[in-house]
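Since the structure comes first, as structure tokens, the remarks are kept for the end.
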Amino acid sequence: MKDSQALLDLYVLDAMADDIEDVESILRMLNNPSIGWRDEWGKDFERLDVVTALSRLAKAGQVVVYRLDTDGKELIRTQDQTLPPSTYDDFWFGLSPAGRIRHQTWKARTSASE
């Protein structure tokens with residue numbers, strides 16, 4: 001995996017570290033000047049960046065994909081390593097245990113190097 005892909009994946013994991021998020025929320029957090037990673041990335045994150053990273057992370061078992069139930073009131077976990085069938089607009093994403101470990105390991109390494 002290219003370094004930029006790995007870094008993008010880590011930034012996306014970081015945006016989801018505290019909650020289950022949709023694509024637009026992840027994108028807003030990544031580009032937020034106070035809490036995001038836009039300055040480190042060097043440009044605005046785009047929707048395609050987020051969707052690509054989420055796809056890669058879901059396939060790797062580091063992100064869990066959720067969909068709303070038919071009443072639109074409850075999130076239902078999809079089968080592991082399953083990608084949304086079409087648009088990512090009606091889906092939510094959270095860290096799996098493997099994703100949480102990867103994120104925590106990265107945060108510990110970056111904190112130790114500061």
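Numbering starts fresh at 1 for the residues of each chain in the structure tokens, the chains themselves are lettered A, B, ... in the order given, and ligands are numbered from 1 as they appear.
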Where does stretch 53-89 of chain A meet stretch 20-25 of chain A within 10 Å, residue by residue, with the nearest atom pair and distance in Å to one decimal for each, counting only C-alpha atoms, listed by chain and rising number, as CSV?
residue,atom,partner,partner_atom,distance
A:Leu54,CA,A:Val23,CA,8.8
A:Val63,CA,A:Ile20,CA,9.9
A:Val64,CA,A:Ile20,CA,9.1
A:Val65,CA,A:Ile20,CA,9.2
A:Tyr66,CA,A:Ile20,CA,8.7
A:Leu75,CA,A:Ile20,CA,9.7
A:Tyr88,CA,A:Val23,CA,7.1
A:Asp89,CA,A:Val23,CA,7.0
Can you list, as a PyMOL selection string, every protein, DNA or RNA residue that comes within 12 Å of A:Pro85 when you count only C-alpha atoms, leaving out same-chain residues fewer than 6 positions away? chain A and resi 55+65+67+78+91
Please write the residues from the selection above to a file, keeping C-alpha atoms, as a compact mmCIF listing (two decimals), in the first residue's frame.
# COMPACT_ATOMS: atom_id res chain seq x y z
CA SER A 55 -13.92 0.81 0.96
CA VAL A 65 -20.66 -0.69 7.76
CA ARG A 67 -27.44 0.84 7.31
CA THR A 78 -24.06 -5.27 7.67
CA PHE A 91 -24.74 4.09 5.23
Point-to-point distance from atom CA of A:Ala112 to atom CA of A:Ala17, Å rounded to tenths: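 Interatomic distance, atom CA of A:Ala112 to atom CA of A:Ala17: 18.9 Å.
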Surrounding residues of A:Leu8 excluding itself and chain neighbours under 2 positions, 9 Å, only C-alpha atoms, as a PyMOL selection string: chain A and resi 3-6+10-13+41+49-50+53
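Excluding A:Pro97 and any residue on its chain fewer than 3 positions from it, the residues at most 10 Å away by only C-alpha atoms are Gly61, Gln62, Val63, Val64, Gly94, Arg100, Ile101, Arg102 and His103 of chain A.
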Using DSSP on the backbone, list every residue of chain A that comes out as helix (DSSP H, G or I), and give them as a ChimeraX atom specification. /A:3-15,23-31,38-41,47-59,97-113
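From atom CA of A:Gln79 back to atom CA of A:Ala60, the distance works out to 13.1 Å.
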Have a look at A:Asp18, A:Ile76, A:Phe45, A:Ala108 and name the one nearest to A:Leu30; count only C-alpha atoms.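 Of A:Asp18, A:Ile76, A:Phe45, A:Ala108, the one nearest A:Leu30 is A:Phe45, counting only C-alpha atoms.
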Find, counting only C-alpha atoms, the residue in A:Val51, A:Arg109, A:Lys73, A:Lys59 that gets nearest to A:Thr87. A:Val51
Taking only C-alpha atoms into account, name the residue in A:Gly36, A:Asn31, A:Arg56, A:Arg77 that is nearest to A:Asp9.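 Checking each of A:Gly36, A:Asn31, A:Arg56, A:Arg77 against A:Asp9, counting only C-alpha atoms, the winner is A:Arg56.
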What is the atom CA of A:Leu27 to atom CA of A:Gly99 distance in Å?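 Atom-to-atom, atom CA of A:Leu27 to atom CA of A:Gly99, that is 18.2 Å.
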